[in-house]
file upload-v5.cif (mmCIF, C-alpha atoms)
data_protein
loop_
_atom_site.label_atom_id
_atom_site.label_comp_id
_atom_site.auth_asym_id
_atom_site.auth_seq_id
_atom_site.Cartn_x
_atom_site.Cartn_y
_atom_site.Cartn_z
CA MET A 1 -57.96 -5.83 -67.37
CA GLN A 2 -58.42 -2.08 -67.07
CA ASN A 3 -61.50 -0.86 -65.23
CA GLU A 4 -63.29 1.42 -67.71
CA THR A 5 -66.26 2.26 -65.49
CA VAL A 6 -67.93 5.54 -66.38
CA PHE A 7 -69.41 7.44 -63.44
CA TYR A 8 -72.59 9.43 -64.02
CA ASN A 9 -72.70 11.49 -60.84
CA ALA A 10 -70.14 13.42 -58.85
CA HIS A 11 -70.64 11.42 -55.63
CA GLU A 12 -69.70 8.10 -57.26
CA LEU A 13 -66.71 9.60 -59.07
CA LYS A 14 -65.53 11.20 -55.82
CA GLN A 15 -65.64 7.84 -54.05
CA ALA A 16 -63.70 6.18 -56.89
CA ILE A 17 -61.03 8.88 -56.80
CA GLU A 18 -60.64 8.49 -53.04
CA MET A 19 -59.98 4.78 -53.48
CA ASP A 20 -57.48 5.10 -56.34
CA PRO A 21 -53.90 4.77 -54.97
CA LEU A 22 -52.24 6.34 -58.02
CA ILE A 23 -54.41 9.46 -57.91
CA GLN A 24 -53.83 9.78 -54.17
CA SER A 25 -50.06 9.35 -54.44
CA LYS A 26 -49.34 11.95 -57.14
CA VAL A 27 -50.60 15.30 -58.38
CA PRO A 28 -53.38 14.30 -60.81
CA VAL A 29 -54.69 16.05 -63.92
CA LEU A 30 -58.33 16.51 -64.87
CA ILE A 31 -59.00 16.83 -68.61
CA CYS A 32 -62.17 17.73 -70.51
CA ASN A 33 -63.53 17.12 -73.03
CA SER A 34 -62.47 13.62 -73.99
CA HIS A 35 -62.35 13.28 -77.76
CA ILE A 36 -59.24 13.44 -79.98
CA THR A 37 -57.60 16.33 -78.12
CA GLY A 38 -58.27 14.83 -74.72
CA LEU A 39 -56.86 11.48 -75.86
CA ALA A 40 -53.55 13.04 -76.91
CA VAL A 41 -53.30 14.96 -73.64
CA ALA A 42 -54.09 11.84 -71.60
CA ARG A 43 -51.43 9.83 -73.43
CA GLY A 44 -48.86 12.63 -73.20
CA LEU A 45 -49.33 12.72 -69.43
CA GLY A 46 -50.10 9.07 -68.70
CA ARG A 47 -46.99 7.80 -70.45
CA ASN A 48 -45.05 9.93 -67.96
CA GLY A 49 -46.81 8.37 -64.99
CA VAL A 50 -49.31 11.18 -64.37
CA PRO A 51 -52.78 10.04 -63.16
CA VAL A 52 -55.53 11.42 -65.41
CA ILE A 53 -59.24 11.93 -64.73
CA ALA A 54 -61.30 12.49 -67.90
CA LEU A 55 -64.65 14.29 -68.06
CA ASP A 56 -67.07 14.78 -70.91
CA ARG A 57 -70.69 15.70 -71.42
CA GLU A 58 -71.41 12.19 -72.75
CA ALA A 59 -69.87 8.75 -72.37
CA LYS A 60 -68.64 8.15 -75.93
CA GLY A 61 -65.49 10.27 -75.84
CA ILE A 62 -62.69 8.09 -77.17
CA SER A 63 -60.22 8.95 -74.42
CA PHE A 64 -62.60 7.28 -71.94
CA ALA A 65 -61.34 4.02 -73.46
CA SER A 66 -57.65 4.87 -73.00
CA LYS A 67 -55.59 2.88 -70.54
CA TYR A 68 -53.97 6.18 -69.56
CA VAL A 69 -57.20 7.47 -68.03
CA SER A 70 -57.55 6.44 -64.40
CA LYS A 71 -61.14 7.61 -63.84
CA ARG A 72 -63.86 8.91 -66.17
CA GLY A 73 -67.06 10.82 -65.52
CA VAL A 74 -70.01 12.30 -67.39
CA CYS A 75 -70.52 15.87 -66.21
CA PRO A 76 -72.84 18.82 -66.98
CA ASN A 77 -72.25 20.62 -70.27
CA PRO A 78 -70.81 24.08 -69.48
CA VAL A 79 -72.33 25.56 -72.64
CA VAL A 80 -75.82 25.20 -71.17
CA SER A 81 -75.13 24.46 -67.46
CA GLU A 82 -72.01 26.36 -66.49
CA LYS A 83 -72.74 26.61 -62.76
CA ALA A 84 -73.75 22.96 -62.57
CA PHE A 85 -70.43 22.01 -64.17
CA ILE A 86 -68.48 24.10 -61.65
CA GLN A 87 -70.48 22.58 -58.78
CA TYR A 88 -69.61 19.14 -60.15
CA LEU A 89 -65.91 20.02 -59.90
CA LEU A 90 -66.39 21.34 -56.37
CA ASP A 91 -68.27 18.18 -55.38
CA ILE A 92 -65.41 15.87 -56.40
CA GLY A 93 -62.68 18.27 -55.21
CA PRO A 94 -62.42 17.00 -51.61
CA ALA A 95 -61.40 13.56 -52.96
CA PHE A 96 -57.97 14.83 -54.02
CA LYS A 97 -55.08 14.46 -51.60
CA HIS A 98 -53.04 16.81 -53.81
CA LYS A 99 -54.49 19.72 -55.75
CA CYS A 100 -55.52 18.58 -59.21
CA VAL A 101 -54.24 20.34 -62.36
CA LEU A 102 -56.99 21.41 -64.79
CA ILE A 103 -56.46 21.10 -68.56
CA PRO A 104 -59.45 21.98 -70.77
CA SER A 105 -59.56 20.84 -74.39
CA MET A 106 -62.28 23.13 -75.78
CA ASP A 107 -63.18 26.78 -75.35
CA GLU A 108 -66.31 26.28 -73.25
CA TRP A 109 -64.42 24.28 -70.62
CA ALA A 110 -61.56 26.79 -70.56
CA LEU A 111 -63.88 29.76 -70.13
CA ALA A 112 -65.88 28.14 -67.34
CA MET A 113 -62.79 27.06 -65.39
CA ALA A 114 -61.10 30.44 -65.80
CA LYS A 115 -64.25 32.29 -64.75
CA TYR A 116 -64.47 30.35 -61.48
CA ALA A 117 -60.75 29.80 -60.90
CA ASP A 118 -60.85 31.46 -57.47
CA GLU A 119 -63.72 29.24 -56.26
CA LEU A 120 -61.97 26.14 -57.62
CA SER A 121 -58.57 27.00 -56.11
CA GLU A 122 -59.18 25.07 -52.89
CA TYR A 123 -58.94 21.80 -54.81
CA TYR A 124 -57.49 22.67 -58.20
CA ILE A 125 -54.54 24.34 -59.94
CA TRP A 126 -55.58 26.57 -62.85
CA PRO A 127 -52.42 26.83 -65.04
CA PHE A 128 -53.87 29.10 -67.74
CA SER A 129 -54.62 32.81 -68.04
CA SER A 130 -57.39 34.75 -66.34
CA TYR A 131 -60.95 34.73 -67.60
CA ALA A 132 -60.58 38.30 -68.90
CA THR A 133 -57.50 37.42 -70.95
CA ILE A 134 -58.99 34.24 -72.40
CA GLN A 135 -62.26 35.97 -73.21
CA GLN A 136 -60.42 38.77 -74.98
CA ILE A 137 -58.45 36.32 -77.11
CA LEU A 138 -61.42 34.09 -77.97
CA ASP A 139 -63.61 37.03 -78.95
CA LYS A 140 -62.33 37.48 -82.50
CA SER A 141 -63.29 41.14 -82.63
CA GLN A 142 -61.28 41.89 -79.46
CA LEU A 143 -58.37 39.71 -80.60
CA TYR A 144 -58.13 41.47 -83.95
CA GLU A 145 -58.43 44.92 -82.41
CA ARG A 146 -55.57 44.10 -80.05
CA ALA A 147 -53.49 42.59 -82.87
CA ARG A 148 -54.09 45.72 -84.93
CA SER A 149 -52.81 47.89 -82.05
CA LEU A 150 -49.68 45.71 -81.93
CA GLU A 151 -49.23 46.16 -85.70
CA VAL A 152 -49.68 42.44 -86.26
CA PRO A 153 -51.05 41.78 -89.79
CA ILE A 154 -54.63 40.46 -89.74
CA PRO A 155 -57.37 39.86 -92.31
CA ALA A 156 -59.86 42.69 -92.80
CA PHE A 157 -62.83 42.19 -90.45
CA GLU A 158 -65.87 43.75 -88.79
CA LYS A 159 -68.09 42.55 -85.99
CA ILE A 160 -71.62 42.23 -87.31
CA THR A 161 -74.26 44.31 -85.52
CA THR A 162 -77.78 45.37 -86.40
CA LYS A 163 -76.41 48.81 -87.28
CA ASN A 164 -73.64 47.78 -89.69
CA GLN A 165 -75.05 44.50 -91.03
CA SER A 166 -76.33 45.96 -94.28
CA THR A 167 -73.20 47.99 -95.08
CA ILE A 168 -70.43 45.45 -94.32
CA PRO A 169 -70.47 44.06 -97.90
CA ASP A 170 -69.54 47.57 -99.07
CA ARG A 171 -66.22 47.20 -97.26
CA ILE A 172 -65.52 43.44 -97.27
CA SER A 173 -65.96 41.78 -100.64
CA TYR A 174 -67.28 38.31 -101.48
CA PRO A 175 -66.45 35.54 -100.92
CA MET A 176 -66.67 36.49 -97.25
CA VAL A 177 -66.04 34.43 -94.11
CA LEU A 178 -68.56 34.60 -91.26
CA LYS A 179 -67.01 33.37 -88.00
CA PRO A 180 -68.71 32.86 -84.62
CA ILE A 181 -67.68 34.52 -81.38
CA ASN A 182 -68.91 31.43 -79.47
CA LYS A 183 -67.38 28.55 -81.43
CA ARG A 184 -68.97 25.62 -79.57
CA ALA A 185 -72.53 26.95 -79.57
CA PHE A 186 -72.18 27.64 -83.30
CA TYR A 187 -70.84 24.14 -83.99
CA ASP A 188 -73.56 22.49 -81.92
CA ARG A 189 -76.15 24.18 -84.11
CA PHE A 190 -74.57 23.92 -87.57
CA LYS A 191 -71.95 21.11 -87.30
CA GLU A 192 -69.38 23.35 -88.95
CA GLY A 193 -66.97 26.00 -87.72
CA LEU A 194 -67.82 28.94 -89.98
CA PHE A 195 -69.77 30.10 -93.02
CA ILE A 196 -68.33 31.12 -96.38
CA VAL A 197 -70.77 33.24 -98.35
CA GLU A 198 -70.50 34.07 -102.05
CA ASN A 199 -73.13 36.78 -102.45
CA LYS A 200 -75.58 39.09 -100.70
CA GLU A 201 -78.36 36.52 -100.62
CA GLN A 202 -76.19 33.95 -98.85
CA TYR A 203 -74.83 36.64 -96.52
CA GLU A 204 -78.28 37.67 -95.35
CA GLN A 205 -79.52 34.08 -95.09
CA LYS A 206 -76.62 32.91 -92.93
CA ILE A 207 -76.93 35.88 -90.59
CA LYS A 208 -80.61 35.06 -90.21
CA GLU A 209 -79.81 31.40 -89.48
CA ALA A 210 -77.23 32.39 -86.86
CA GLY A 211 -79.91 34.31 -84.97
CA GLU A 212 -78.64 35.40 -81.56
CA LEU A 213 -75.13 33.97 -82.14
CA GLU A 214 -72.64 36.79 -82.62
CA LEU A 215 -70.58 36.78 -85.82
CA ILE A 216 -67.70 38.65 -87.37
CA ALA A 217 -67.31 39.19 -91.10
CA GLN A 218 -63.79 38.56 -92.40
CA GLU A 219 -62.11 38.78 -95.77
CA GLN A 220 -61.24 35.47 -97.38
CA VAL A 221 -57.49 35.75 -97.78
CA ASN A 222 -55.87 34.59 -101.02
CA VAL A 223 -53.70 31.78 -99.64
CA ASN A 224 -52.18 28.75 -101.34
CA ALA A 225 -52.45 25.20 -100.02
CA ASN A 226 -49.11 25.45 -98.15
CA GLY A 227 -49.91 28.77 -96.51
CA TYR A 228 -51.64 27.59 -93.32
CA VAL A 229 -49.11 27.53 -90.46
CA THR A 230 -49.69 27.04 -86.75
CA ILE A 231 -47.31 27.91 -83.93
CA ALA A 232 -47.92 26.14 -80.62
CA VAL A 233 -46.49 27.55 -77.39
CA TYR A 234 -46.41 26.72 -73.72
CA MET A 235 -45.73 29.85 -71.68
CA ASP A 236 -45.50 29.58 -67.91
CA GLY A 237 -46.85 31.98 -65.32
CA GLU A 238 -43.64 34.04 -65.39
CA GLN A 239 -43.81 34.53 -69.17
CA ASN A 240 -41.05 32.01 -69.82
CA VAL A 241 -41.44 30.00 -73.02
CA ARG A 242 -41.05 26.33 -72.11
CA GLY A 243 -41.72 24.87 -75.55
CA THR A 244 -42.70 25.88 -79.09
CA PHE A 245 -43.74 23.89 -82.13
CA ALA A 246 -44.60 24.67 -85.76
CA GLY A 247 -46.97 22.77 -88.03
CA ARG A 248 -48.35 23.24 -91.54
CA ARG A 249 -51.99 22.29 -92.12
CA LEU A 250 -52.39 20.17 -95.24
CA GLU A 251 -56.07 19.21 -95.23
CA ILE A 252 -59.27 20.05 -93.35
CA TYR A 253 -62.62 18.32 -93.10
CA PRO A 254 -65.33 19.27 -93.92
CA PRO A 255 -63.72 21.28 -96.77
CA GLN A 256 -63.41 25.05 -96.18
CA SER A 257 -65.25 25.14 -92.84
CA GLY A 258 -63.86 22.13 -90.96
CA THR A 259 -60.91 21.26 -88.74
CA THR A 260 -57.48 19.85 -89.51
CA CYS A 261 -57.28 16.21 -90.54
CA LEU A 262 -53.71 16.22 -91.91
CA VAL A 263 -50.76 18.33 -90.74
CA GLU A 264 -46.97 18.14 -90.88
CA SER A 265 -44.26 19.42 -88.55
CA ILE A 266 -42.04 22.17 -89.97
CA GLU A 267 -39.39 24.65 -88.87
CA ALA A 268 -40.61 28.25 -88.61
CA LYS A 269 -38.35 30.24 -86.28
CA ASP A 270 -39.37 33.74 -87.34
CA LEU A 271 -43.10 33.01 -87.14
CA SER A 272 -42.57 31.33 -83.76
CA LYS A 273 -40.98 34.53 -82.46
CA ARG A 274 -43.99 36.51 -83.70
CA ALA A 275 -46.43 34.15 -81.96
CA VAL A 276 -44.50 34.38 -78.70
CA SER A 277 -44.45 38.19 -78.87
CA ILE A 278 -48.23 38.28 -79.39
CA LEU A 279 -48.86 35.99 -76.41
CA GLN A 280 -46.47 37.99 -74.25
CA ALA A 281 -48.39 41.16 -75.16
CA PHE A 282 -51.46 39.50 -73.64
CA SER A 283 -49.38 38.34 -70.60
CA TYR A 284 -50.63 34.91 -71.56
CA GLU A 285 -50.11 31.78 -69.47
CA GLY A 286 -50.68 28.21 -70.60
CA ILE A 287 -50.79 26.23 -73.83
CA ALA A 288 -51.84 28.19 -76.90
CA GLU A 289 -52.13 27.58 -80.63
CA CYS A 290 -51.57 30.60 -82.90
CA GLU A 291 -52.90 30.17 -86.45
CA PHE A 292 -51.43 32.13 -89.34
CA LEU A 293 -52.08 32.17 -93.07
CA TYR A 294 -49.85 33.49 -95.80
CA ASP A 295 -51.54 36.21 -97.85
CA GLU A 296 -50.32 35.75 -101.43
CA ASN A 297 -51.44 39.24 -102.44
CA GLU A 298 -49.58 41.01 -99.65
CA SER A 299 -46.71 38.51 -99.24
CA GLU A 300 -47.01 38.22 -95.47
CA TYR A 301 -48.38 35.98 -92.74
CA LYS A 302 -51.58 37.19 -91.09
CA LEU A 303 -52.84 36.14 -87.67
CA LEU A 304 -56.07 34.19 -88.07
CA ASP A 305 -56.87 32.77 -84.63
CA ILE A 306 -55.52 31.85 -81.19
CA ASN A 307 -56.77 28.85 -79.26
CA THR A 308 -56.21 29.20 -75.51
CA ARG A 309 -55.96 25.48 -74.71
CA PRO A 310 -54.79 22.20 -76.28
CA TRP A 311 -56.14 21.64 -79.78
CA LYS A 312 -57.01 18.73 -82.08
CA TRP A 313 -53.55 17.65 -83.31
CA ILE A 314 -51.55 18.33 -80.14
CA GLY A 315 -50.45 14.70 -80.42
CA LEU A 316 -48.00 15.73 -83.15
CA PRO A 317 -45.82 18.05 -81.03
CA ILE A 318 -45.93 15.46 -78.24
CA HIS A 319 -44.67 12.83 -80.70
CA CYS A 320 -42.00 15.22 -82.00
CA GLY A 321 -40.51 15.89 -78.56
CA VAL A 322 -42.49 18.93 -77.41
CA ASN A 323 -44.85 17.43 -74.84
CA LEU A 324 -46.77 20.61 -74.05
CA PRO A 325 -49.18 19.04 -71.51
CA TYR A 326 -46.30 17.52 -69.56
CA LEU A 327 -44.31 20.78 -69.72
CA LEU A 328 -47.34 22.53 -68.22
CA TYR A 329 -47.70 19.82 -65.57
CA SER A 330 -44.02 20.01 -64.66
CA TYR A 331 -44.24 23.76 -64.10
CA ALA A 332 -47.47 23.45 -62.11
CA THR A 333 -45.82 20.88 -59.84
CA GLY A 334 -42.61 22.86 -59.39
CA GLU A 335 -40.20 21.15 -61.77
CA GLY A 336 -40.28 23.55 -64.73
CA LEU A 337 -39.06 21.42 -67.65
CA THR A 338 -38.35 22.79 -71.12
CA SER A 339 -38.02 21.11 -74.51
CA VAL A 340 -37.29 21.84 -78.16
CA GLN A 341 -38.75 20.38 -81.32
CA ASN A 342 -36.58 17.52 -82.60
CA LYS A 343 -38.58 16.12 -85.54
CA PHE A 344 -39.53 17.84 -88.77
CA ASP A 345 -41.53 16.61 -91.78
CA THR A 346 -43.53 14.21 -89.59
CA LYS A 347 -47.25 14.04 -90.36
CA TRP A 348 -50.32 13.60 -88.15
CA VAL A 349 -53.55 12.29 -89.65
CA TYR A 350 -57.09 11.74 -88.44
CA LEU A 351 -57.90 8.88 -90.79
CA ASN A 352 -61.69 9.03 -90.40
CA ASP A 353 -61.90 12.52 -91.86
CA TYR A 354 -58.95 12.28 -94.24
CA GLN A 355 -60.24 9.16 -95.97
CA THR A 356 -63.75 10.62 -96.27
CA LEU A 357 -62.29 13.80 -97.75
CA LYS A 358 -60.26 11.98 -100.37
CA GLU A 359 -62.96 9.43 -101.20
CA ASN A 360 -65.19 12.41 -102.05
CA LYS A 361 -62.41 13.88 -104.28
CA GLN A 362 -62.13 16.96 -102.07
CA GLY A 363 -59.39 18.86 -100.29
CA LEU A 364 -56.77 21.56 -100.62
CA PHE A 365 -54.56 19.20 -102.65
CA ASP A 366 -55.54 16.97 -105.56
CA GLY A 367 -55.43 13.26 -104.79
CA ASP A 368 -53.82 11.48 -101.87
CA ILE A 369 -51.03 13.39 -100.13
CA LEU A 370 -49.69 10.45 -98.15
CA THR A 371 -46.82 8.43 -99.60
CA LYS A 372 -46.66 4.65 -99.91
CA ASP A 373 -44.20 4.48 -97.00
CA GLU A 374 -46.52 6.58 -94.83
CA TRP A 375 -49.48 4.34 -95.63
CA LEU A 376 -47.41 1.24 -94.85
CA GLU A 377 -46.53 2.69 -91.45
CA ILE A 378 -50.25 3.16 -90.82
CA LEU A 379 -51.32 -0.24 -92.17
CA LEU A 380 -48.61 -2.08 -90.25
CA ASN A 381 -49.39 -0.15 -87.03
CA ASN A 382 -45.82 1.16 -86.84
CA THR A 383 -46.73 4.79 -86.13
CA ASP A 384 -45.99 4.89 -82.39
CA GLU A 385 -42.25 5.31 -83.01
CA SER A 386 -42.39 6.52 -86.62
CA ASP A 387 -40.52 9.57 -87.93
CA LEU A 388 -42.90 9.64 -90.91
CA ILE A 389 -46.44 9.74 -89.56
CA ILE A 390 -48.68 9.21 -86.55
CA THR A 391 -52.45 8.84 -86.35
CA ALA A 392 -54.85 10.70 -84.09
CA VAL A 393 -56.33 7.59 -82.50
CA ALA A 394 -54.65 4.28 -83.37
CA SER A 395 -51.81 3.11 -81.13
CA MET A 396 -50.54 -0.40 -80.48
CA ASP A 397 -49.70 0.83 -77.00
CA ASP A 398 -53.32 1.90 -76.32
CA LEU A 399 -55.90 0.00 -78.38
CA GLY A 400 -59.10 0.89 -76.54
CA PRO A 401 -59.73 4.28 -78.22
CA SER A 402 -59.63 2.69 -81.70
CA TYR A 403 -62.38 0.29 -80.71
CA GLN A 404 -64.41 3.08 -79.11
CA LEU A 405 -64.13 5.12 -82.32
CA LEU A 406 -65.43 2.13 -84.27
CA LYS A 407 -68.36 1.70 -81.87
CA ASN A 408 -69.18 5.39 -82.20
CA LYS A 409 -69.36 5.09 -85.99
CA PHE A 410 -71.85 2.22 -85.73
CA ALA A 411 -73.97 3.80 -82.98
CA LYS A 412 -77.44 5.20 -83.74
CA GLN A 413 -76.36 8.57 -82.34
CA SER A 414 -72.68 9.21 -82.99
CA TYR A 415 -70.39 11.23 -80.76
CA TYR A 416 -69.26 14.49 -82.32
CA CYS A 417 -66.85 17.21 -81.39
CA PRO A 418 -65.47 20.25 -83.24
CA CYS A 419 -61.97 19.73 -81.81
#
call {"tool": "encode", "arguments": {"input": "upload-v5.cif", "output": "structure tokens"}}
result
Amino acid sequence: MQNETVFYNAHELKQAIEMDPLIQSKVPVLICNSHITGLAVARGLGRNGVPVIALDREAKGISFASKYVSKRGVCPNPVVSEKAFIQYLLDIGPAFKHKCVLIPSMDEWALAMAKYADELSEYYIWPFSSYATIQQILDKSQLYERARSLEVPIPAFEKITTKNQSTIPDRISYPMVLKPINKRAFYDRFKEGLFIVENKEQYEQKIKEAGELELIAQEQVNVNANGYVTIAVYMDGEQNVRGTFAGRRLEIYPPQSGTTCLVESIEAKDLSKRAVSILQAFSYEGIAECEFLYDENESEYKLLDINTRPWKWIGLPIHCGVNLPYLLYSYATGEGLTSVQNKFDTKWVYLNDYQTLKENKQGLFDGDILTKDEWLEILLNNTDESDLIITAVASMDDLGPSYQLLKNKFAKQSYYCPC
């Protein structure tokens, strides 16, 4: 029986790490946070024999229940206690016999680790870009300005300030997208990733609600349901591309302002080259997800966003032969593996959100997108080796997270995450 003890202070977790023979015998990985993204990363590493320590700001993260997590701890939330979080990492650091590889799964963790990478270097390997680079990419206004200088097509945008707030609607028409600079703080407050406003009244109201949170105004691009494409890349510290993957987003939840709940693997060589060239222009290192949308009016793909860490459906490229976390780990530990995508037209689904979306008669597509054969794979729990579809959580090889997800749904205060 797996020991699923959750440690609530750094001292106890440090002692547990010191006594774990697997963690002491190999280079371990520390992941955070520990919801859907963290689960996929833990499985992608653990199935290759890598010891994984999982952290989160609360104990309900579903990857805490995975058999591929060796140790789990509740740590300070870097959004509100950044220095306390870094001190937590420093407190457990002496327990590692080998330097531990850090893999964040959300922006706030990535920014904090990058900011204090030098202080953490005694105990940890930081295999991503510098704080300045990550901050530049995550700040949408800086990202778009840089993309514009590289002649990369982007949606029309402006950063909202007190000076230009009243005149932006003169240049960007409704419906208009309002996106946060700080994604996690925005999500914690509103439980959605962005605002879509239809008129001046909504525009002014949403800016007022956002308060001190910085926003950019962006045109809502005319894109059809098949026009959302993501290119995932792992680029090592010498700018070598170790793996790339392409996926098409099929559904998001909540509608319009949510995150992906259904996606399929595709082949997109030309767009992959564009994503790589953008990341190389930033001298980027690490795992990244580059989001594009196809503008029907201008007949071209526009760069929408770049995530500088693993993202929600990273389990799909892992399943399709591009194990980005393990490629990163292999480079960090001196092996330097590469891989190529070997499965196309395979789907990934987060059933919780997808079923809710379709039960409410919502979505980018009318009706259920999944085929009978895909549903049978899900219902018969055959997705672990399927070429048709995999699920975000369920796995016959690792049942604990499915039960944890069920417990979270029934809890008085449910676990939530924008990943």
call {"tool": "closest_atom_pairs", "arguments": {"input": "upload-v5.cif", "of": "segment 104-216 of chain A", "to": "segment 66-83 of chain A", "cutoff": "7 Å", "atoms": "only C-alpha atoms", "output": "JSON lines"}}
result
{"residue": "A:Glu108", "atom": "CA", "partner": "A:Val79", "partner_atom": "CA", "distance": 6.1}
{"residue": "A:Trp109", "atom": "CA", "partner": "A:Pro78", "partner_atom": "CA", "distance": 6.5}
{"residue": "A:Ala112", "atom": "CA", "partner": "A:Glu82", "partner_atom": "CA", "distance": 6.4}
call {"tool": "closest_residue", "arguments": {"input": "upload-v5.cif", "among": "A:Tyr284, A:Tyr131, A:Trp313, A:Tyr301", "to": "Ser265 of chain A", "atoms": "all atoms listed in the file"}}
result
A:Trp313
call {"tool": "residues_around", "arguments": {"input": "upload-v5.cif", "residues": "Lys97 of chain A", "least_positions_apart": "3", "cutoff": "9 Å", "atoms": "all atoms listed in the file", "output": "ChimeraX atom specification"}}
result
/A:18,23-27,94,100,123
call {"tool": "write_last_selection", "arguments": {"input": "upload-v5.cif", "atoms": "C-alpha atoms", "output": "short mmCIF file (atom, residue, chain, number, x, y, z; two decimals), in the frame of the given file"}}
result
data_model
loop_
_atom_site.label_atom_id
_atom_site.label_comp_id
_atom_site.auth_asym_id
_atom_site.auth_seq_id
_atom_site.Cartn_x
_atom_site.Cartn_y
_atom_site.Cartn_z
CA GLU A 18 -60.64 8.49 -53.04
CA ILE A 23 -54.41 9.46 -57.91
CA GLN A 24 -53.83 9.78 -54.17
CA SER A 25 -50.06 9.35 -54.44
CA LYS A 26 -49.34 11.95 -57.14
CA VAL A 27 -50.60 15.30 -58.38
CA PRO A 94 -62.42 17.00 -51.61
CA CYS A 100 -55.52 18.58 -59.21
CA TYR A 123 -58.94 21.80 -54.81
#
call {"tool": "resolve_selection", "arguments": {"input": "upload-v5.cif", "expression": "the PyMOL selection byres ((chain A and resi 337) around 9)", "output": "PyMOL selection string"}}
result
chain A and resi 242+326-328+330-331+335-336+338-339
call {"tool": "residues_around", "arguments": {"input": "upload-v5.cif", "residues": "Leu324 of chain A", "least_positions_apart": "6", "cutoff": "8 Å", "atoms": "only C-alpha atoms", "output": "list in words"}}
result
Val233, Tyr234, Gly243, Ile287, Pro317 and Ile318 of chain A
call {"tool": "atom_distance", "arguments": {"input": "upload-v5.cif", "atom1": "atom CA of Gly61 of chain A", "atom2": "atom CA of Asp384 of chain A"}}
result
21.3 Å
call {"tool": "resolve_selection", "arguments": {"input": "upload-v5.cif", "expression": "the PyMOL selection byres ((chain A and resi 226) around 10)", "output": "list of chain:residue names"}}
result
A:Val223, A:Asn224, A:Ala225, A:Gly227, A:Tyr228, A:Val229, A:Arg248, A:Arg249, A:Leu250, A:Glu251, A:Leu293, A:Tyr294, A:Leu364, A:Phe365
call {"tool": "residues_around", "arguments": {"input": "upload-v5.cif", "residues": "Asn297 of chain A", "least_positions_apart": "2", "cutoff": "9 Å", "atoms": "all atoms listed in the file", "output": "ChimeraX atom specification"}}
result
/A:221-223,294-295,299-300
call {"tool": "resolve_selection", "arguments": {"input": "upload-v5.cif", "expression": "the PyMOL selection byres ((chain A and resi 142) around 12)", "output": "PDB file with C-alpha atoms, keeping the file's coordinate frame"}}
result
ATOM      1  CA  ALA A 132     -60.580  38.300 -68.900  1.00  0.00           C
ATOM      2  CA  THR A 133     -57.500  37.420 -70.950  1.00  0.00           C
ATOM      3  CA  ILE A 134     -58.990  34.240 -72.400  1.00  0.00           C
ATOM      4  CA  GLN A 135     -62.260  35.970 -73.210  1.00  0.00           C
ATOM      5  CA  GLN A 136     -60.420  38.770 -74.980  1.00  0.00           C
ATOM      6  CA  ILE A 137     -58.450  36.320 -77.110  1.00  0.00           C
ATOM      7  CA  LEU A 138     -61.420  34.090 -77.970  1.00  0.00           C
ATOM      8  CA  ASP A 139     -63.610  37.030 -78.950  1.00  0.00           C
ATOM      9  CA  LYS A 140     -62.330  37.480 -82.500  1.00  0.00           C
ATOM     10  CA  SER A 141     -63.290  41.140 -82.630  1.00  0.00           C
ATOM     11  CA  LEU A 143     -58.370  39.710 -80.600  1.00  0.00           C
ATOM     12  CA  TYR A 144     -58.130  41.470 -83.950  1.00  0.00           C
ATOM     13  CA  GLU A 145     -58.430  44.920 -82.410  1.00  0.00           C
ATOM     14  CA  ARG A 146     -55.570  44.100 -80.050  1.00  0.00           C
ATOM     15  CA  ALA A 147     -53.490  42.590 -82.870  1.00  0.00           C
ATOM     16  CA  ARG A 148     -54.090  45.720 -84.930  1.00  0.00           C
ATOM     17  CA  SER A 149     -52.810  47.890 -82.050  1.00  0.00           C
ATOM     18  CA  PHE A 157     -62.830  42.190 -90.450  1.00  0.00           C
ATOM     19  CA  GLU A 158     -65.870  43.750 -88.790  1.00  0.00           C
ATOM     20  CA  LYS A 159     -68.090  42.550 -85.990  1.00  0.00           C
ATOM     21  CA  ILE A 181     -67.680  34.520 -81.380  1.00  0.00           C
ATOM     22  CA  ILE A 216     -67.700  38.650 -87.370  1.00  0.00           C
ATOM     23  CA  PHE A 282     -51.460  39.500 -73.640  1.00  0.00           C
ATOM     24  CA  ASP A 305     -56.870  32.770 -84.630  1.00  0.00           C
ATOM     25  CA  ILE A 306     -55.520  31.850 -81.190  1.00  0.00           C
TER      26      ILE A 306
END
call {"tool": "atom_distance", "arguments": {"input": "upload-v5.cif", "atom1": "atom CA of Ala95 of chain A", "atom2": "atom CA of Leu111 of chain A"}}
result
23.7 Å
call {"tool": "atom_distance", "arguments": {"input": "upload-v5.cif", "atom1": "atom CA of Leu178 of chain A", "atom2": "atom CA of Pro254 of chain A"}}
result
15.9 Å
